[in-house]
Amino acid sequence: MRELVACHCSECRKAYGSAFGVIAVCAAEDFCWLNGLEHVTRYTQSPNVTRRFCSNCGSPLPIVEEGYPLVGIPAGLIEGSLDMKISEHIFVESGADWFSFDDGAPQYPGPSPSSLEKRE
Ligand SMILES: [Zn+2]
């Protein structure tokens, strides 16, 4: 895993049913589906976001975009310790007004400056 990113955007709040979603980011080349593909269900949350969830248990599933070099794994899916802390909070400007936090990690009103660089 490269980093843990907490996304406070309205789409993540809805997808994870919480104040924010925490995504473990890894290189696409380091990710593969091991089993359970028959349970992977997709839905288009918005024109730019396709989500996957497990039709068996309802868990949100990794965000895998064809041709994109990174994969986002909902951190709660990972068993055992990650031995990492949240490295940044993104889209805090559209975050839930009923939740406050200050864990010392950088906060950005929109996307992470580093994620924009990775898309180029
Ligand atoms: Zn988000």
# chains A, B, ... in the order shown; residues from 1 in each chain; ligands from 1
call {"tool": "closest_atom_pairs", "arguments": {"of": "chain A", "to": "ligand 1", "cutoff": "12 Å", "atoms": "only C-alpha atoms and all ligand atoms", "output": "Markdown table"}}
result
| residue | atom | partner | partner_atom_place_in_ligand_line | distance |
| --- | --- | --- | --- | --- |
| A:Val5 | CA | ligand 1 | 1 (Zn) | 9.5 |
| A:Ala6 | CA | ligand 1 | 1 (Zn) | 8.0 |
| A:Cys7 | CA | ligand 1 | 1 (Zn) | 4.5 |
| A:His8 | CA | ligand 1 | 1 (Zn) | 5.7 |
| A:Cys9 | CA | ligand 1 | 1 (Zn) | 4.2 |
| A:Ser10 | CA | ligand 1 | 1 (Zn) | 6.7 |
| A:Glu11 | CA | ligand 1 | 1 (Zn) | 5.5 |
| A:Cys12 | CA | ligand 1 | 1 (Zn) | 4.2 |
| A:Arg13 | CA | ligand 1 | 1 (Zn) | 7.2 |
| A:Lys14 | CA | ligand 1 | 1 (Zn) | 9.3 |
| A:Ala15 | CA | ligand 1 | 1 (Zn) | 8.8 |
| A:Tyr16 | CA | ligand 1 | 1 (Zn) | 9.7 |
| A:Gly17 | CA | ligand 1 | 1 (Zn) | 11.9 |
| A:Ser18 | CA | ligand 1 | 1 (Zn) | 11.4 |
| A:Ala19 | CA | ligand 1 | 1 (Zn) | 10.7 |
| A:Phe20 | CA | ligand 1 | 1 (Zn) | 7.6 |
| A:Gly21 | CA | ligand 1 | 1 (Zn) | 6.8 |
| A:Val22 | CA | ligand 1 | 1 (Zn) | 8.9 |
| A:Ile23 | CA | ligand 1 | 1 (Zn) | 9.1 |
| A:Gln45 | CA | ligand 1 | 1 (Zn) | 11.2 |
| A:Ser46 | CA | ligand 1 | 1 (Zn) | 11.5 |
| A:Asn48 | CA | ligand 1 | 1 (Zn) | 11.3 |
| A:Val49 | CA | ligand 1 | 1 (Zn) | 9.4 |
| A:Thr50 | CA | ligand 1 | 1 (Zn) | 11.7 |
| A:Arg51 | CA | ligand 1 | 1 (Zn) | 11.0 |
| A:Ile63 | CA | ligand 1 | 1 (Zn) | 11.0 |
| A:Gly72 | CA | ligand 1 | 1 (Zn) | 10.7 |
| A:Pro74 | CA | ligand 1 | 1 (Zn) | 11.1 |
| A:His89 | CA | ligand 1 | 1 (Zn) | 9.9 |
| A:Ile90 | CA | ligand 1 | 1 (Zn) | 7.6 |
| A:Phe91 | CA | ligand 1 | 1 (Zn) | 7.0 |
| A:Val92 | CA | ligand 1 | 1 (Zn) | 9.7 |
| A:Glu93 | CA | ligand 1 | 1 (Zn) | 11.5 |
| A:Ser94 | CA | ligand 1 | 1 (Zn) | 9.7 |
| A:Gly95 | CA | ligand 1 | 1 (Zn) | 9.6 |
| A:Pro109 | CA | ligand 1 | 1 (Zn) | 11.7 |
| A:Gly110 | CA | ligand 1 | 1 (Zn) | 9.5 |
| A:Pro111 | CA | ligand 1 | 1 (Zn) | 8.6 |
| A:Ser112 | CA | ligand 1 | 1 (Zn) | 10.8 |
call {"tool": "select_by_dssp", "arguments": {"residues": "segment 11-102 of chain A", "states": "alpha helix (DSSP H)", "output": "number ranges by chain"}}
result
A: 11-16
call {"tool": "select_by_dssp", "arguments": {"residues": "chain A", "states": "strand (DSSP E or B)", "output": "VMD selection string"}}
result
chain A and resid 3 to 7 21 to 27 40 to 46 49 to 54 60 63 70 to 74 86 to 90 107
call {"tool": "write_last_selection", "arguments": {"atoms": "N, CA and C atoms", "output": "mmCIF file, in the first residue's frame"}}
result
data_model
loop_
_atom_site.group_PDB
_atom_site.id
_atom_site.type_symbol
_atom_site.label_atom_id
_atom_site.label_comp_id
_atom_site.auth_asym_id
_atom_site.auth_seq_id
_atom_site.Cartn_x
_atom_site.Cartn_y
_atom_site.Cartn_z
ATOM 1 N N GLU A 3 -0.565 4.566 0.433
ATOM 2 C CA GLU A 3 -1.071 5.546 1.383
ATOM 3 C C GLU A 3 -2.519 5.261 1.705
ATOM 4 N N LEU A 4 -2.991 5.886 2.779
ATOM 5 C CA LEU A 4 -4.400 5.829 3.151
ATOM 6 C C LEU A 4 -4.967 7.231 2.978
ATOM 7 N N VAL A 5 -6.014 7.339 2.169
ATOM 8 C CA VAL A 5 -6.617 8.630 1.893
ATOM 9 C C VAL A 5 -8.056 8.626 2.405
ATOM 10 N N ALA A 6 -8.394 9.636 3.175
ATOM 11 C CA ALA A 6 -9.776 9.786 3.648
ATOM 12 C C ALA A 6 -10.482 10.764 2.728
ATOM 13 N N CYS A 7 -11.519 10.273 2.040
ATOM 14 C CA CYS A 7 -12.257 11.132 1.112
ATOM 15 C C CYS A 7 -13.601 11.498 1.735
ATOM 16 N N GLY A 21 -14.960 8.094 3.459
ATOM 17 C CA GLY A 21 -14.453 6.782 3.094
ATOM 18 C C GLY A 21 -12.944 6.790 3.220
ATOM 19 N N VAL A 22 -12.366 5.697 3.667
ATOM 20 C CA VAL A 22 -10.906 5.607 3.737
ATOM 21 C C VAL A 22 -10.459 4.584 2.705
ATOM 22 N N ILE A 23 -9.600 5.053 1.809
ATOM 23 C CA ILE A 23 -9.148 4.254 0.685
ATOM 24 C C ILE A 23 -7.659 3.955 0.831
ATOM 25 N N ALA A 24 -7.320 2.681 0.754
ATOM 26 C CA ALA A 24 -5.912 2.267 0.703
ATOM 27 C C ALA A 24 -5.518 2.247 -0.772
ATOM 28 N N VAL A 25 -4.530 3.035 -1.106
ATOM 29 C CA VAL A 25 -4.123 3.189 -2.498
ATOM 30 C C VAL A 25 -2.935 2.266 -2.785
ATOM 31 N N CYS A 26 -3.049 1.500 -3.865
ATOM 32 C CA CYS A 26 -1.925 0.661 -4.286
ATOM 33 C C CYS A 26 -1.757 0.775 -5.799
ATOM 34 N N ALA A 27 -0.629 0.335 -6.291
ATOM 35 C CA ALA A 27 -0.373 0.341 -7.729
ATOM 36 C C ALA A 27 -1.272 -0.697 -8.385
ATOM 37 N N VAL A 40 -19.323 -9.552 -7.833
ATOM 38 C CA VAL A 40 -19.018 -8.142 -8.061
ATOM 39 C C VAL A 40 -20.135 -7.512 -8.892
ATOM 40 N N THR A 41 -20.760 -6.513 -8.311
ATOM 41 C CA THR A 41 -21.840 -5.795 -8.986
ATOM 42 C C THR A 41 -21.420 -4.342 -9.125
ATOM 43 N N ARG A 42 -21.724 -3.757 -10.269
ATOM 44 C CA ARG A 42 -21.339 -2.368 -10.526
ATOM 45 C C ARG A 42 -22.576 -1.485 -10.580
ATOM 46 N N TYR A 43 -22.382 -0.249 -10.217
ATOM 47 C CA TYR A 43 -23.397 0.747 -10.500
ATOM 48 C C TYR A 43 -22.714 2.068 -10.768
ATOM 49 N N THR A 44 -23.332 2.850 -11.594
ATOM 50 C CA THR A 44 -22.797 4.157 -11.942
ATOM 51 C C THR A 44 -23.367 5.162 -10.962
ATOM 52 N N GLN A 45 -22.487 5.670 -10.105
ATOM 53 C CA GLN A 45 -22.932 6.610 -9.081
ATOM 54 C C GLN A 45 -23.081 8.011 -9.650
ATOM 55 N N SER A 46 -22.190 8.353 -10.559
ATOM 56 C CA SER A 46 -22.241 9.645 -11.231
ATOM 57 C C SER A 46 -21.533 9.438 -12.567
ATOM 58 N N VAL A 49 -18.024 8.310 -11.877
ATOM 59 C CA VAL A 49 -17.718 7.332 -10.829
ATOM 60 C C VAL A 49 -18.555 6.070 -10.987
ATOM 61 N N THR A 50 -17.874 4.943 -11.200
ATOM 62 C CA THR A 50 -18.521 3.636 -11.190
ATOM 63 C C THR A 50 -18.074 2.920 -9.925
ATOM 64 N N ARG A 51 -19.024 2.492 -9.135
ATOM 65 C CA ARG A 51 -18.720 1.786 -7.886
ATOM 66 C C ARG A 51 -18.965 0.305 -8.059
ATOM 67 N N ARG A 52 -18.275 -0.462 -7.251
ATOM 68 C CA ARG A 52 -18.509 -1.906 -7.206
ATOM 69 C C ARG A 52 -18.864 -2.273 -5.773
ATOM 70 N N PHE A 53 -19.750 -3.228 -5.658
ATOM 71 C CA PHE A 53 -20.045 -3.749 -4.333
ATOM 72 C C PHE A 53 -20.297 -5.240 -4.451
ATOM 73 N N CYS A 54 -20.236 -5.916 -3.319
ATOM 74 C CA CYS A 54 -20.449 -7.355 -3.293
ATOM 75 C C CYS A 54 -21.939 -7.644 -3.184
ATOM 76 N N PRO A 60 -18.570 -2.421 -0.034
ATOM 77 C CA PRO A 60 -18.003 -1.706 -1.176
ATOM 78 C C PRO A 60 -16.715 -2.413 -1.584
ATOM 79 N N ILE A 63 -11.864 0.147 -6.113
ATOM 80 C CA ILE A 63 -12.110 1.036 -7.245
ATOM 81 C C ILE A 63 -11.006 0.774 -8.255
ATOM 82 N N LEU A 70 -3.481 3.412 -10.505
ATOM 83 C CA LEU A 70 -3.701 3.155 -9.076
ATOM 84 C C LEU A 70 -5.046 2.485 -8.848
ATOM 85 N N VAL A 71 -5.126 1.718 -7.784
ATOM 86 C CA VAL A 71 -6.376 1.085 -7.361
ATOM 87 C C VAL A 71 -6.668 1.561 -5.946
ATOM 88 N N GLY A 72 -7.927 1.845 -5.671
ATOM 89 C CA GLY A 72 -8.341 2.266 -4.334
ATOM 90 C C GLY A 72 -9.113 1.154 -3.645
ATOM 91 N N ILE A 73 -8.595 0.675 -2.553
ATOM 92 C CA ILE A 73 -9.240 -0.414 -1.819
ATOM 93 C C ILE A 73 -9.876 0.158 -0.553
ATOM 94 N N PRO A 74 -11.193 0.000 -0.401
ATOM 95 C CA PRO A 74 -11.796 0.463 0.852
ATOM 96 C C PRO A 74 -11.045 -0.164 2.033
ATOM 97 N N ILE A 86 -3.736 7.587 8.248
ATOM 98 C CA ILE A 86 -4.291 8.366 7.138
ATOM 99 C C ILE A 86 -3.280 9.442 6.755
ATOM 100 N N SER A 87 -2.955 9.489 5.456
ATOM 101 C CA SER A 87 -1.936 10.433 5.010
ATOM 102 C C SER A 87 -2.528 11.775 4.595
ATOM 103 N N GLU A 88 -3.806 11.780 4.203
ATOM 104 C CA GLU A 88 -4.432 13.051 3.839
ATOM 105 C C GLU A 88 -5.941 12.905 3.806
ATOM 106 N N HIS A 89 -6.607 14.046 3.999
ATOM 107 C CA HIS A 89 -8.067 14.129 3.889
ATOM 108 C C HIS A 89 -8.366 14.961 2.654
ATOM 109 N N ILE A 90 -9.201 14.433 1.777
ATOM 110 C CA ILE A 90 -9.526 15.181 0.559
ATOM 111 C C ILE A 90 -11.025 15.482 0.502
ATOM 112 N N GLN A 107 -5.181 18.466 4.991
ATOM 113 C CA GLN A 107 -6.570 18.504 4.535
ATOM 114 C C GLN A 107 -6.647 19.373 3.284
#
call {"tool": "atom_distance", "arguments": {"atom1": "atom CA of Glu29 of chain A", "atom2": "atom CA of Pro69 of chain A"}}
result
7.5 Å
call {"tool": "closest_residue", "arguments": {"among": "A:Asp30, A:Glu79, A:Lys85, A:Gly36", "to": "Val64 of chain A", "atoms": "only C-alpha atoms"}}
result
A:Asp30
call {"tool": "atom_distance", "arguments": {"atom1": "atom CA of Cys57 of chain A", "atom2": "atom CA of Asn35 of chain A"}}
result
14.2 Å
call {"tool": "closest_residue", "arguments": {"among": "A:Ser59, A:Ala28, A:Ser114, A:Ala96", "to": "Ala75 of chain A", "atoms": "only C-alpha atoms"}}
result
A:Ser59
call {"tool": "atom_distance", "arguments": {"atom1": "atom CA of Trp33 of chain A", "atom2": "atom CA of Pro113 of chain A"}}
result
28.7 Å
